[in-house]
Amino acid sequence: MDSELAVTFAEEWPRVVGATLRAFGSLDLAEEAAQEAFVRAAERLAAGDRIGNIGAWTTTTAHRIAIDTLRRDRALRTKLPMLAVEEEQQQELGPADDRLGLIFVACDPVLSAEQQIALALRIVCGVPTADIADFFGIPEPTVAARLTRAKKAIARAESHFVWPSARHRETRLDEALTTIYGVYTLGHTAAAGDELMDARLAELAHTLATALVSEHPRNTEVLGLLAIIELGEARSGARTTEDGMPLTLAEVDRSAWGRQRMRDGLALAARALPGGGRFALQAGIAGLHCSAASWEDTDWNAIATLYYGLNRVWPAPIVKLGGIIARSHLGAVELDRAAEELLALRVRAPAEMRRRVSAALGDVEERRGNVEQAVAAFADAADGENNRALVRFYNRAIGRLLA
C-alpha cells in the first residue's frame, strides 16, 4: 500500500469503525468488518478501479460485511432487527466525527487504564498490535490477549450497546484524558520505525483534546491536556536534525519553535495551572521549559517544585523520573543523588520504562564525568528499543563519550 493511501485509510478508520459500531453494537464485529472493508478497497484500487469517496465506500462495505457475518452466525440472529433502523440512525446522527465518541467507548469503567489505552489505540487510531506492545514494553501476545479481554468485558457489561451519552462522557472524562494523553505520548515518540515522532497520532490527539475543550471550556485538566499538546507540537519541528537525528533541549534551535502555538499553549497552561491537577501541573512544567530563552535560563527550581506537586497528585514512575531529572540540575549534591535514585528506579522497571531511566542515567553519569557508567547506561537504553531514531541518538552519545 502506498503512503498516500495508507494516510487516507488511517484518517477514515475511526469513522468506519464508529459508524459500524453504532449500527451493530459489537466492537469485534465493527473492527473485523472495517478491516475487511479496507482490504477490499485496497484490492480494488490496486486493480485500477476508482473509488470516489473511500470513507463512504468502506463504511457501506463494512456494514454489508457485518450483515453477512450476522446472517452466518445463528447465535446473533436476534441482532438482525437492528438493521431495519440502520439507515434512519445514520440520517439522525449525520456525518459527525466518531473519533471522540470512540474514545469514550474505549474508556468503559469495566476496563483497566491499560486496557482503555490499548483499546483506544486499536479502534480509534488503527495502531497495529505490535506497536501497542512496543508502547507498553510488553510482548505482542500479551497485548492481543488484553484487547480480547477488553472487548469481552464490554460485551458482558452491556446487554445492549449504547453510544456514549452526555452522562457517560461526563463520568468517563478522567479516563478519556488519560487515554488521549497516551495517544499523544505515542505520537510524540513513536514506538517503532525510523522517525522519532508519529505525526498522525500527535495530530489525532490534538484534534481529540480540542474537541474536549469545546465540551469543557473551563475544566482545568482538559485545558492542561491541550496545553501539553500545543507546547509539545510547537517544539516538534526542531526536535531533530534534517536527517532525523533527535536533539536534546540543550541542543535545539529555539528560534525554530512555532511561536503562535507556543503563545496558545502558554495561555492555556496559565488558565489550567490554578487547578493543580496532573495535566495542569504537567502543562506548567512544559510552559517553564518553553518560556526559557535558552537552556541555561531554565528555571530548574520551579520545575522541580512542580514535579514535587505532581508526584503528590499522580505518583507514577514517569513523574518520579521527571522529578529526579529536574533536581539533578540543582548542583553537584543533587546530581550525585540522582545517579543513586535512577539506579534504584531502574531495578524493577518494565522494559519501556527501564530504557527511559537508563537514558536519563546516561546523561547524569556523563555530567558526573563517569564515562564507563554513562556508556553502559546509553547502551542499556538502546537495547530492545524499536524506535531507530532513538537508537541513533544513543549510539551518537556513546560515540561521543568514547571519542
# chains A, B, ... in the order shown; residues from 1 in each chain; ligands from 1
$ residues_around --residues "Thr241 (chain A)" --least-positions-apart "3" --cutoff "12 Å" --atoms "only C-alpha atoms" --output "PyMOL selection string"
chain A and resi 195-196+236-238+244-248+251-253+256+389+392-393
$ closest_atom_pairs --of "region 209-263 of chain A" --to "region 293-296 of chain A" --cutoff "8 Å" --atoms "only C-alpha atoms" --output "JSON lines"
{"residue": "A:Leu249", "atom": "CA", "partner": "A:Trp295", "partner_atom": "CA", "distance": 6.8}
{"residue": "A:Ala250", "atom": "CA", "partner": "A:Trp295", "partner_atom": "CA", "distance": 5.2}
{"residue": "A:Arg254", "atom": "CA", "partner": "A:Ser294", "partner_atom": "CA", "distance": 7.4}
$ closest_residue --among "A:Thr171, A:Asn370, A:Ser358, A:Asn387" --to "Met197 (chain A)" --atoms "only C-alpha atoms"
A:Asn387
$ closest_residue --among "A:Arg122, A:Arg72, A:Arg22, A:Arg235" --to "Pro164 (chain A)" --atoms "only C-alpha atoms"
A:Arg22
$ atom_distance --atom1 "CA of Arg356 (chain A)" --atom2 "CA of Arg149 (chain A)"
28.7 Å
$ residues_around --residues "Arg263 (chain A)" --least-positions-apart "4" --cutoff "10 Å" --atoms "only C-alpha atoms" --output "tab-separated table (two decimals) with C-alpha atoms, in the first residue's frame"
chain	number	residue	atom	x	y	z
A	227	ALA	CA	-1.70	22.96	26.62
A	230	GLU	CA	0.17	22.60	21.93
A	231	LEU	CA	3.51	23.22	23.63
A	234	ALA	CA	5.24	23.95	18.98
A	258	GLY	CA	6.27	27.59	16.47
A	259	ARG	CA	5.57	30.95	18.05
A	267	ALA	CA	-2.10	30.86	27.60
A	268	LEU	CA	-3.84	27.50	28.11
A	269	ALA	CA	-1.24	26.46	30.71
A	287	GLY	CA	5.41	26.02	29.93
A	290	CYS	CA	9.14	26.67	26.59
A	291	SER	CA	9.34	30.12	28.16
$ residues_around --residues "region 12-15 of chain A" --least-positions-apart "2" --cutoff "7 Å" --atoms "only C-alpha atoms" --output "CSV table (one decimal) with N, CA and C atoms, in the first residue's frame"
chain,number,residue,atom,x,y,z
A,8,THR,N,-4.8,8.0,4.0
A,8,THR,CA,-6.3,8.1,3.8
A,8,THR,C,-7.0,7.1,4.6
A,9,PHE,N,-6.5,5.8,4.6
A,9,PHE,CA,-7.1,4.8,5.4
A,9,PHE,C,-7.0,5.1,6.9
A,10,ALA,N,-5.9,5.6,7.3
A,10,ALA,CA,-5.8,5.9,8.7
A,10,ALA,C,-6.8,7.0,9.2
A,17,VAL,N,-15.1,2.4,11.7
A,17,VAL,CA,-15.3,1.6,12.9
A,17,VAL,C,-16.5,2.2,13.7
A,18,GLY,N,-16.5,3.5,13.9
A,18,GLY,CA,-17.5,4.2,14.8
A,18,GLY,C,-18.9,4.0,14.2
A,19,ALA,N,-19.1,4.2,12.9
A,19,ALA,CA,-20.4,4.0,12.2
A,19,ALA,C,-20.9,2.6,12.3
A,55,GLY,N,-14.1,6.8,2.3
A,55,GLY,CA,-14.7,6.7,3.6
A,55,GLY,C,-16.2,6.2,3.5
A,97,ASP,N,-18.0,13.4,13.4
A,97,ASP,CA,-16.8,12.7,13.6
A,97,ASP,C,-16.9,11.7,14.8
A,98,ASP,N,-16.6,10.4,14.6
A,98,ASP,CA,-16.8,9.4,15.6
A,98,ASP,C,-15.6,9.3,16.5
A,99,ARG,N,-14.5,10.0,16.2
A,99,ARG,CA,-13.3,9.7,17.0
A,99,ARG,C,-13.4,9.9,18.5
A,123,ILE,N,-8.8,0.7,18.2
A,123,ILE,CA,-10.1,1.0,17.5
A,123,ILE,C,-10.2,2.4,17.0
A,124,VAL,N,-9.5,3.4,17.7
A,124,VAL,CA,-9.6,4.8,17.3
A,124,VAL,C,-8.5,5.1,16.3
A,125,CYS,N,-7.3,4.7,16.6
A,125,CYS,CA,-6.2,5.1,15.8
A,125,CYS,C,-5.7,4.0,14.8
A,126,GLY,N,-6.2,2.8,14.9
A,126,GLY,CA,-5.8,1.7,14.0
A,126,GLY,C,-4.4,1.4,14.2
$ residues_around --residues "region 346-349 of chain A" --least-positions-apart "6" --cutoff "10 Å" --atoms "only C-alpha atoms" --output "NGL selection string"
:A and (317 or 321 or 355-358 or 361)
$ write_last_selection --atoms "C-alpha atoms" --output "PDB file, in the first residue's frame"
ATOM      1  CA  PRO A 317       7.077   6.196  37.876  1.00  0.00           C
ATOM      2  CA  LEU A 321      11.736  10.100  36.838  1.00  0.00           C
ATOM      3  CA  ARG A 355      15.037   2.332  28.745  1.00  0.00           C
ATOM      4  CA  ARG A 356      13.845   5.814  29.741  1.00  0.00           C
ATOM      5  CA  VAL A 357      15.541   5.553  33.127  1.00  0.00           C
ATOM      6  CA  SER A 358      18.772   4.320  31.521  1.00  0.00           C
ATOM      7  CA  LEU A 361      21.156   7.803  33.891  1.00  0.00           C
TER       8      LEU A 361
END
$ residues_around --residues "Leu208 (chain A)" --least-positions-apart "4" --cutoff "12 Å" --atoms "only C-alpha atoms" --output "PyMOL selection string"
chain A and resi 97-104+120+124-125+176-184+201-204+212-215+222+225-226+229
$ closest_residue --among "A:Ser328, A:Asn53, A:Leu21, A:Gly232" --to "Glu340 (chain A)" --atoms "only C-alpha atoms"
A:Ser328
$ residues_around --residues "Ala30 (chain A)" --least-positions-apart "4" --cutoff "8 Å" --atoms "only C-alpha atoms" --output "list of chain:residue names"
A:Val17, A:Gly18, A:Thr20, A:Leu21, A:Phe24, A:Gly25, A:Ser26, A:Ala34, A:Ala62, A:Ala66
$ write_last_selection --atoms "N, CA and C atoms" --output "tab-separated table (two decimals), in the first residue's frame"
chain	number	residue	atom	x	y	z
A	17	VAL	N	-15.13	2.45	11.72
A	17	VAL	CA	-15.35	1.62	12.92
A	17	VAL	C	-16.49	2.19	13.75
A	18	GLY	N	-16.49	3.52	13.94
A	18	GLY	CA	-17.53	4.15	14.75
A	18	GLY	C	-18.91	3.97	14.16
A	20	THR	N	-19.95	1.64	12.11
A	20	THR	CA	-20.32	0.22	12.17
A	20	THR	C	-20.65	-0.19	13.60
A	21	LEU	N	-19.91	0.35	14.56
A	21	LEU	CA	-20.17	0.04	15.97
A	21	LEU	C	-21.53	0.56	16.40
A	24	PHE	N	-24.25	-1.77	14.84
A	24	PHE	CA	-24.34	-3.19	15.18
A	24	PHE	C	-24.02	-3.51	16.64
A	25	GLY	N	-23.42	-2.56	17.36
A	25	GLY	CA	-23.25	-2.74	18.78
A	25	GLY	C	-22.21	-3.74	19.23
A	26	SER	N	-21.26	-4.11	18.36
A	26	SER	CA	-20.21	-5.07	18.74
A	26	SER	C	-18.86	-4.54	18.29
A	34	ALA	N	-14.55	-3.55	9.43
A	34	ALA	CA	-13.77	-2.41	8.91
A	34	ALA	C	-12.47	-2.90	8.27
A	62	ALA	N	-18.33	-2.13	4.96
A	62	ALA	CA	-18.23	-2.71	6.30
A	62	ALA	C	-19.59	-3.12	6.82
A	66	ALA	N	-20.74	-6.83	7.85
A	66	ALA	CA	-21.30	-7.12	9.17
A	66	ALA	C	-22.62	-7.86	9.05
$ atom_distance --atom1 "CA of Leu401 (chain A)" --atom2 "CA of Ala374 (chain A)"
8.0 Å
